[in-house]
Amino acid sequence: MAPDDNGCPVLDMTGRALHQQNAELRAAGPAVRVELPGGIVAWSVTRSSVIRALTGDPRVSRDPRKHWPGLAAVPEGWPMGPIAFQQNFFNRYGDEHRSARRRMAPSFSPRRVSSLRPGIEATTAALVGAFRDLAPGEAVDIRRALSLPLTMTVICDLFGVPADMRPQIGRSMDTLLTTTATTEQMTVARAEINVVLVELLELKRRDPGPDLASDVAAVSTGGDTGRAEEESRDELFLMLGAGYETAVNLITSAVQALLTHPRYLAQVREGTLAWEDVIEETLRHESPVMHIPLRYPLEDIDLGEGVVVRQGEPILLGFGAAGRDPEVHPDRPDDFDPTRPDKEHLSFGYGPHFCLGAPLARLEAEVALEGLFCAYPGSALDPASPTPARLESVIISGPAELWIVPRPTAV
């Protein structure tokens, strides 16, 4: 990574070489000062042990309004702002976070998620069934044809989002997670998604239904438990965005990994390898979430090796880097191998902010992979397509597209 004028490495926001960048940072120390867009300097943490320690440390907050003295210097339309500055339980601290999280946790319990399986299977069957209309040898972008519409349908059905609102939510969310987006693009995308989410809240107040958006709308207007409109809107922003972006990248990356390493797909067909193994190894090897911005120490924290993070200095945790940490996985950490016994990763976070949607993402991936490869066991990467470009983001990670040729007969 090239240093800035002060010798501070500049984090590459294109996402083209995330794993190489993470390896360099990991080797440099338990935390390394890096420059983010807008000249913002933060501590990058890519070692699994340090990430675990910081996420479980009560001296570390996620609330920038309370604990980041440099917040006022952040430029308008900052690429990491939509995630870092959310006004919801994602960025709450202490009792505020625990109370807000408890409100949403039952909606993503294993039992509730398990009840969604029939609907996920039906949606998958319909999307995969459409491949019958392809000409022999014709390729399809699996991200656009399966991963994205499946996960968007599931999360929007869960929240009761009308069909006409879904495309705008998807477009805006994609832009807001693109860390190479311009200030103008970020500002427009945030304004557009805010309009849709406010309309959704107003709709659910007028005509509530048995869905999670109605629950959010009801709580936000409920007497002494009422919350600001901005917090309700941001809660929908978090749950809708996190509810599909993670799973989209997980499914697409898993398909790419299996078609790049067809021997493992053969083992799944033989029954010697489970879909769970493929999914967990994908989460370890190609995490759908890379860096989560930001955290802020309430006091100076000594990380060892001469590194002290001072009070209020922002911290960027590389959860997606933890899976390839050689201290955790000394045996070929950069190789995809779902047969490895230890697939430890931090792709869904760690500690009090562990992702509520983890069971749902895993279920969607399992159903999608089984549905695709049971119907088209001979599928292969399209030989006419170039190596897939990566998403231009350091927040999320995955192929921007993945062209495959679905074949109903295994070769």
# chains A, B, ... in the order shown; residues from 1 in each chain; ligands from 1

$ residues_around --residues "Asp63 of chain A" --least-positions-apart "4" --cutoff "9 Å" --atoms "only C-alpha atoms" --output "VMD selection string"
chain A and resid 67 to 68 84 to 85 87 90 to 93 294 to 296

$ residues_around --residues "Arg166 of chain A" --least-positions-apart "3" --cutoff "12 Å" --atoms "only C-alpha atoms" --output "ChimeraX atom specification"
/A:148-149,151-157,159-163,169-173,193,196-197,200,240-241,244

$ closest_residue --among "A:Ala400, A:Val405, A:Ala217, A:Ala53" --to "Asp174 of chain A" --atoms "only C-alpha atoms"
A:Ala400

$ residues_around --residues "segment 285-293 of chain A" --least-positions-apart "4" --cutoff "7 Å" --atoms "only C-alpha atoms" --output "PDB file with N, CA, C and O atoms, in the first residue's frame"
ATOM      1  N   MET A  80     -17.814   6.068   3.988  1.00  0.00           N
ATOM      2  CA  MET A  80     -18.111   5.130   5.068  1.00  0.00           C
ATOM      3  C   MET A  80     -19.210   5.636   5.995  1.00  0.00           C
ATOM      4  O   MET A  80     -19.645   4.926   6.907  1.00  0.00           O
ATOM      5  N   ILE A  83     -22.732   3.688   6.874  1.00  0.00           N
ATOM      6  CA  ILE A  83     -22.631   2.597   7.829  1.00  0.00           C
ATOM      7  C   ILE A  83     -22.182   3.107   9.193  1.00  0.00           C
ATOM      8  O   ILE A  83     -22.756   2.762  10.231  1.00  0.00           O
ATOM      9  N   ALA A  84     -21.169   3.962   9.196  1.00  0.00           N
ATOM     10  CA  ALA A  84     -20.580   4.405  10.466  1.00  0.00           C
ATOM     11  C   ALA A  84     -21.500   5.304  11.279  1.00  0.00           C
ATOM     12  O   ALA A  84     -21.397   5.336  12.508  1.00  0.00           O
ATOM     13  N   THR A 246     -25.166  -9.307   2.741  1.00  0.00           N
ATOM     14  CA  THR A 246     -24.291 -10.379   3.215  1.00  0.00           C
ATOM     15  C   THR A 246     -24.587 -11.680   2.494  1.00  0.00           C
ATOM     16  O   THR A 246     -23.688 -12.377   2.013  1.00  0.00           O
ATOM     17  N   ASN A 249     -23.521 -11.895  -1.312  1.00  0.00           N
ATOM     18  CA  ASN A 249     -22.096 -12.143  -1.517  1.00  0.00           C
ATOM     19  C   ASN A 249     -21.700 -13.543  -1.073  1.00  0.00           C
ATOM     20  O   ASN A 249     -20.837 -14.173  -1.688  1.00  0.00           O
ATOM     21  N   LEU A 250     -22.321 -14.029  -0.016  1.00  0.00           N
ATOM     22  CA  LEU A 250     -22.023 -15.391   0.451  1.00  0.00           C
ATOM     23  C   LEU A 250     -22.400 -16.418  -0.608  1.00  0.00           C
ATOM     24  O   LEU A 250     -21.614 -17.308  -0.945  1.00  0.00           O
ATOM     25  N   SER A 253     -20.131 -16.024  -3.839  1.00  0.00           N
ATOM     26  CA  SER A 253     -18.760 -16.488  -3.597  1.00  0.00           C
ATOM     27  C   SER A 253     -18.699 -18.003  -3.440  1.00  0.00           C
ATOM     28  O   SER A 253     -17.731 -18.640  -3.886  1.00  0.00           O
ATOM     29  N   GLU A 281     -16.676 -22.618   5.087  1.00  0.00           N
ATOM     30  CA  GLU A 281     -15.376 -22.357   4.475  1.00  0.00           C
ATOM     31  C   GLU A 281     -15.435 -21.119   3.587  1.00  0.00           C
ATOM     32  O   GLU A 281     -14.459 -20.348   3.520  1.00  0.00           O
ATOM     33  N   LEU A 316     -10.911   0.670  12.699  1.00  0.00           N
ATOM     34  CA  LEU A 316     -11.556  -0.054  11.602  1.00  0.00           C
ATOM     35  C   LEU A 316     -11.224  -1.540  11.769  1.00  0.00           C
ATOM     36  O   LEU A 316     -10.067  -1.938  11.629  1.00  0.00           O
ATOM     37  N   LEU A 317     -12.229  -2.343  12.082  1.00  0.00           N
ATOM     38  CA  LEU A 317     -12.011  -3.763  12.321  1.00  0.00           C
ATOM     39  C   LEU A 317     -12.226  -4.567  11.042  1.00  0.00           C
ATOM     40  O   LEU A 317     -13.287  -4.506  10.428  1.00  0.00           O
ATOM     41  N   GLY A 318     -11.216  -5.362  10.670  1.00  0.00           N
ATOM     42  CA  GLY A 318     -11.285  -6.176   9.455  1.00  0.00           C
ATOM     43  C   GLY A 318     -11.771  -7.584   9.754  1.00  0.00           C
ATOM     44  O   GLY A 318     -10.999  -8.544   9.724  1.00  0.00           O
ATOM     45  N   PHE A 319     -13.067  -7.711  10.029  1.00  0.00           N
ATOM     46  CA  PHE A 319     -13.622  -9.021  10.366  1.00  0.00           C
ATOM     47  C   PHE A 319     -13.347 -10.051   9.271  1.00  0.00           C
ATOM     48  O   PHE A 319     -13.088 -11.218   9.552  1.00  0.00           O
ATOM     49  N   GLY A 320     -13.405  -9.615   8.022  1.00  0.00           N
ATOM     50  CA  GLY A 320     -13.178 -10.538   6.922  1.00  0.00           C
ATOM     51  C   GLY A 320     -11.740 -10.977   6.792  1.00  0.00           C
ATOM     52  O   GLY A 320     -11.451 -11.977   6.123  1.00  0.00           O
ATOM     53  N   ALA A 321     -10.830 -10.242   7.435  1.00  0.00           N
ATOM     54  CA  ALA A 321      -9.418 -10.621   7.398  1.00  0.00           C
ATOM     55  C   ALA A 321      -9.102 -11.729   8.383  1.00  0.00           C
ATOM     56  O   ALA A 321      -8.109 -12.445   8.237  1.00  0.00           O
ATOM     57  N   GLY A 323     -10.405 -14.606   9.016  1.00  0.00           N
ATOM     58  CA  GLY A 323     -10.458 -15.974   8.541  1.00  0.00           C
ATOM     59  C   GLY A 323      -9.189 -16.462   7.882  1.00  0.00           C
ATOM     60  O   GLY A 323      -8.961 -17.677   7.792  1.00  0.00           O
ATOM     61  N   ARG A 324      -8.371 -15.533   7.406  1.00  0.00           N
ATOM     62  CA  ARG A 324      -7.105 -15.914   6.766  1.00  0.00           C
ATOM     63  C   ARG A 324      -5.897 -15.610   7.647  1.00  0.00           C
ATOM     64  O   ARG A 324      -4.762 -15.625   7.168  1.00  0.00           O
ATOM     65  N   ASP A 334      -4.854 -19.235   2.773  1.00  0.00           N
ATOM     66  CA  ASP A 334      -5.388 -18.595   1.575  1.00  0.00           C
ATOM     67  C   ASP A 334      -6.023 -19.583   0.600  1.00  0.00           C
ATOM     68  O   ASP A 334      -6.509 -19.169  -0.463  1.00  0.00           O
ATOM     69  N   PHE A 336      -8.956 -22.336  -0.476  1.00  0.00           N
ATOM     70  CA  PHE A 336     -10.329 -22.764  -0.208  1.00  0.00           C
ATOM     71  C   PHE A 336     -10.340 -24.278  -0.046  1.00  0.00           C
ATOM     72  O   PHE A 336      -9.996 -25.009  -0.971  1.00  0.00           O
ATOM     73  N   SER A 347     -16.836 -13.651  10.259  1.00  0.00           N
ATOM     74  CA  SER A 347     -17.573 -12.985   9.190  1.00  0.00           C
ATOM     75  C   SER A 347     -18.891 -12.371   9.647  1.00  0.00           C
ATOM     76  O   SER A 347     -19.419 -11.474   8.982  1.00  0.00           O
ATOM     77  N   VAL A 394     -14.559  -1.688   0.483  1.00  0.00           N
ATOM     78  CA  VAL A 394     -13.789  -2.328   1.549  1.00  0.00           C
ATOM     79  C   VAL A 394     -14.704  -2.722   2.701  1.00  0.00           C
ATOM     80  O   VAL A 394     -14.258  -3.285   3.694  1.00  0.00           O
ATOM     81  N   ILE A 395     -16.002  -2.441   2.551  1.00  0.00           N
ATOM     82  CA  ILE A 395     -16.970  -2.830   3.572  1.00  0.00           C
ATOM     83  C   ILE A 395     -17.514  -4.217   3.277  1.00  0.00           C
ATOM     84  O   ILE A 395     -17.562  -5.088   4.149  1.00  0.00           O
ATOM     85  N   ILE A 396     -17.945  -4.440   2.049  1.00  0.00           N
ATOM     86  CA  ILE A 396     -18.422  -5.753   1.633  1.00  0.00           C
ATOM     87  C   ILE A 396     -17.459  -6.333   0.604  1.00  0.00           C
ATOM     88  O   ILE A 396     -16.653  -5.610   0.021  1.00  0.00           O
ATOM     89  N   SER A 397     -17.558  -7.647   0.363  1.00  0.00           N
ATOM     90  CA  SER A 397     -16.615  -8.291  -0.539  1.00  0.00           C
ATOM     91  C   SER A 397     -17.296  -9.420  -1.287  1.00  0.00           C
ATOM     92  O   SER A 397     -18.045 -10.212  -0.708  1.00  0.00           O
ATOM     93  N   GLY A 398     -17.033  -9.477  -2.596  1.00  0.00           N
ATOM     94  CA  GLY A 398     -17.594 -10.541  -3.412  1.00  0.00           C
ATOM     95  C   GLY A 398     -17.461 -10.203  -4.883  1.00  0.00           C
ATOM     96  O   GLY A 398     -17.086  -9.080  -5.246  1.00  0.00           O
TER      97      GLY A 398
END

$ select_by_dssp --residues "segment 60-283 of chain A" --states "strand (DSSP E or B)" --output "PyMOL selection string"
chain A and resi 60-61+140-141

$ atom_distance --atom1 "atom CA of Ala358 of chain A" --atom2 "atom CA of Leu127 of chain A"
22.8 Å

$ residues_around --residues "Val367 of chain A" --least-positions-apart "4" --cutoff "9 Å" --atoms "only C-alpha atoms" --output "number ranges by chain"
A: 117, 120-121, 124, 362-363, 371-372

$ closest_residue --among "A:Leu236, A:Ala105, A:Ala257, A:Val309" --to "Val198 of chain A" --atoms "only C-alpha atoms"
A:Leu236

$ residues_around --residues "Cys355 of chain A" --least-positions-apart "3" --cutoff "10 Å" --atoms "only C-alpha atoms" --output "JSON, numbers by chain"
{"A": [90, 105, 108, 242, 243, 347, 348, 349, 350, 351, 352, 358, 359, 361]}

$ residues_around --residues "His329 of chain A" --least-positions-apart "5" --cutoff "10 Å" --atoms "only C-alpha atoms" --output "list in words"
Arg284, Ala322, Gly323, Arg324, Asp334, Arg340, Asp342, Lys343, Glu344 and His345 of chain A

$ write_last_selection --atoms "N, CA, C and O atoms" --output "CSV table (one decimal), in the first residue's frame"
chain,number,residue,atom,x,y,z
A,284,ARG,N,-15.1,-18.2,5.9
A,284,ARG,CA,-13.8,-18.0,6.3
A,284,ARG,C,-12.9,-17.5,5.2
A,284,ARG,O,-12.1,-16.5,5.4
A,322,ALA,N,-9.9,-11.9,9.4
A,322,ALA,CA,-9.6,-12.8,10.5
A,322,ALA,C,-9.6,-14.3,10.0
A,322,ALA,O,-8.8,-15.1,10.5
A,323,GLY,N,-10.4,-14.6,9.0
A,323,GLY,CA,-10.5,-16.0,8.5
A,323,GLY,C,-9.2,-16.5,7.9
A,323,GLY,O,-9.0,-17.7,7.8
A,324,ARG,N,-8.4,-15.5,7.4
A,324,ARG,CA,-7.1,-15.9,6.8
A,324,ARG,C,-5.9,-15.6,7.6
A,324,ARG,O,-4.8,-15.6,7.2
A,334,ASP,N,-4.9,-19.2,2.8
A,334,ASP,CA,-5.4,-18.6,1.6
A,334,ASP,C,-6.0,-19.6,0.6
A,334,ASP,O,-6.5,-19.2,-0.5
A,340,ARG,N,-11.3,-28.9,5.5
A,340,ARG,CA,-10.4,-28.6,6.7
A,340,ARG,C,-11.3,-28.7,7.9
A,340,ARG,O,-12.5,-28.2,8.0
A,342,ASP,N,-11.0,-27.1,10.9
A,342,ASP,CA,-11.3,-25.8,11.6
A,342,ASP,C,-11.5,-24.8,10.5
A,342,ASP,O,-10.7,-24.4,9.7
A,343,LYS,N,-12.8,-24.2,10.6
A,343,LYS,CA,-13.2,-23.2,9.7
A,343,LYS,C,-13.5,-21.9,10.4
A,343,LYS,O,-14.4,-21.1,10.0
A,344,GLU,N,-12.8,-21.7,11.5
A,344,GLU,CA,-13.1,-20.5,12.3
A,344,GLU,C,-13.0,-19.2,11.5
A,344,GLU,O,-12.1,-19.0,10.7
A,345,HIS,N,-14.0,-18.3,11.8
A,345,HIS,CA,-14.0,-17.0,11.1
A,345,HIS,C,-14.8,-16.0,12.0
A,345,HIS,O,-15.4,-16.4,13.0

$ closest_residue --among "A:Ala130, A:Leu265, A:Ala389, A:Ile40" --to "Gly70 of chain A" --atoms "only C-alpha atoms"
A:Ile40

$ residues_around --residues "Gln20 of chain A" --least-positions-apart "3" --cutoff "12 Å" --atoms "only C-alpha atoms" --output "mmCIF file with N, CA, C and O atoms, in the first residue's frame"
data_model
loop_
_atom_site.group_PDB
_atom_site.id
_atom_site.type_symbol
_atom_site.label_atom_id
_atom_site.label_comp_id
_atom_site.auth_asym_id
_atom_site.auth_seq_id
_atom_site.Cartn_x
_atom_site.Cartn_y
_atom_site.Cartn_z
ATOM 1 N N MET A 1 0.836 -1.198 0.000
ATOM 2 C CA MET A 1 0.000 0.000 0.000
ATOM 3 C C MET A 1 0.872 1.249 0.000
ATOM 4 O O MET A 1 1.834 1.333 0.749
ATOM 5 N N LEU A 11 -5.593 3.235 2.616
ATOM 6 C CA LEU A 11 -6.404 2.052 2.392
ATOM 7 C C LEU A 11 -7.000 2.104 0.988
ATOM 8 O O LEU A 11 -7.612 3.106 0.592
ATOM 9 N N ASP A 12 -6.822 1.040 0.215
ATOM 10 C CA ASP A 12 -7.323 0.976 -1.153
ATOM 11 C C ASP A 12 -8.828 0.739 -1.126
ATOM 12 O O ASP A 12 -9.290 -0.341 -0.775
ATOM 13 N N GLY A 15 -11.196 -2.221 -3.379
ATOM 14 C CA GLY A 15 -11.460 -3.613 -3.045
ATOM 15 C C GLY A 15 -10.807 -4.610 -3.975
ATOM 16 O O GLY A 15 -11.125 -5.800 -3.933
ATOM 17 N N ARG A 16 -9.891 -4.176 -4.826
ATOM 18 C CA ARG A 16 -9.301 -5.075 -5.822
ATOM 19 C C ARG A 16 -8.332 -6.084 -5.207
ATOM 20 O O ARG A 16 -8.158 -7.169 -5.737
ATOM 21 N N ALA A 17 -7.681 -5.701 -4.120
ATOM 22 C CA ALA A 17 -6.668 -6.586 -3.537
ATOM 23 C C ALA A 17 -6.827 -6.624 -2.020
ATOM 24 O O ALA A 17 -5.870 -6.418 -1.266
ATOM 25 N N ALA A 23 -3.089 -8.827 4.537
ATOM 26 C CA ALA A 23 -1.888 -9.547 4.951
ATOM 27 C C ALA A 23 -0.762 -8.572 5.303
ATOM 28 O O ALA A 23 -0.029 -8.771 6.288
ATOM 29 N N GLU A 24 -0.621 -7.507 4.519
ATOM 30 C CA GLU A 24 0.402 -6.510 4.790
ATOM 31 C C GLU A 24 0.129 -5.797 6.116
ATOM 32 O O GLU A 24 1.046 -5.567 6.915
ATOM 33 N N LEU A 25 -1.112 -5.454 6.353
ATOM 34 C CA LEU A 25 -1.475 -4.770 7.592
ATOM 35 C C LEU A 25 -1.290 -5.691 8.789
ATOM 36 O O LEU A 25 -0.799 -5.271 9.844
ATOM 37 N N ARG A 26 -1.674 -6.944 8.629
ATOM 38 C CA ARG A 26 -1.567 -7.914 9.722
ATOM 39 C C ARG A 26 -0.108 -8.104 10.135
ATOM 40 O O ARG A 26 0.217 -8.207 11.318
ATOM 41 N N ALA A 27 0.757 -8.156 9.142
ATOM 42 C CA ALA A 27 2.180 -8.349 9.424
ATOM 43 C C ALA A 27 2.815 -7.125 10.069
ATOM 44 O O ALA A 27 3.823 -7.236 10.775
ATOM 45 N N THR A 46 -6.498 -6.186 11.798
ATOM 46 C CA THR A 46 -6.778 -7.335 10.936
ATOM 47 C C THR A 46 -6.406 -8.672 11.579
ATOM 48 O O THR A 46 -6.590 -9.713 10.960
ATOM 49 N N ALA A 321 -10.830 -10.242 7.435
ATOM 50 C CA ALA A 321 -9.418 -10.621 7.398
ATOM 51 C C ALA A 321 -9.102 -11.729 8.383
ATOM 52 O O ALA A 321 -8.109 -12.445 8.237
ATOM 53 N N ARG A 324 -8.371 -15.533 7.406
ATOM 54 C CA ARG A 324 -7.105 -15.914 6.766
ATOM 55 C C ARG A 324 -5.897 -15.610 7.647
ATOM 56 O O ARG A 324 -4.762 -15.625 7.168
ATOM 57 N N ASP A 325 -6.142 -15.360 8.908
ATOM 58 C CA ASP A 325 -5.047 -15.074 9.840
ATOM 59 C C ASP A 325 -4.248 -16.358 10.062
ATOM 60 O O ASP A 325 -4.782 -17.362 10.554
ATOM 61 N N ASP A 334 -4.854 -19.235 2.773
ATOM 62 C CA ASP A 334 -5.388 -18.595 1.575
ATOM 63 C C ASP A 334 -6.023 -19.583 0.600
ATOM 64 O O ASP A 334 -6.509 -19.169 -0.463
#

$ closest_residue --among "A:Pro79, A:Gly304, A:Val10, A:Ala145" --to "Thr180 of chain A" --atoms "only C-alpha atoms"
A:Pro79

$ closest_residue --among "A:His19, A:His353, A:Arg33, A:Arg233" --to "Ser61 of chain A" --atoms "only C-alpha atoms"
A:His353

$ atom_distance --atom1 "atom CA of Asp207 of chain A" --atom2 "atom CA of Arg190 of chain A"
25.5 Å

$ closest_residue --among "A:Leu346, A:Ala135, A:Leu356, A:Val307" --to "Pro406 of chain A" --atoms "only C-alpha atoms"
A:Ala135
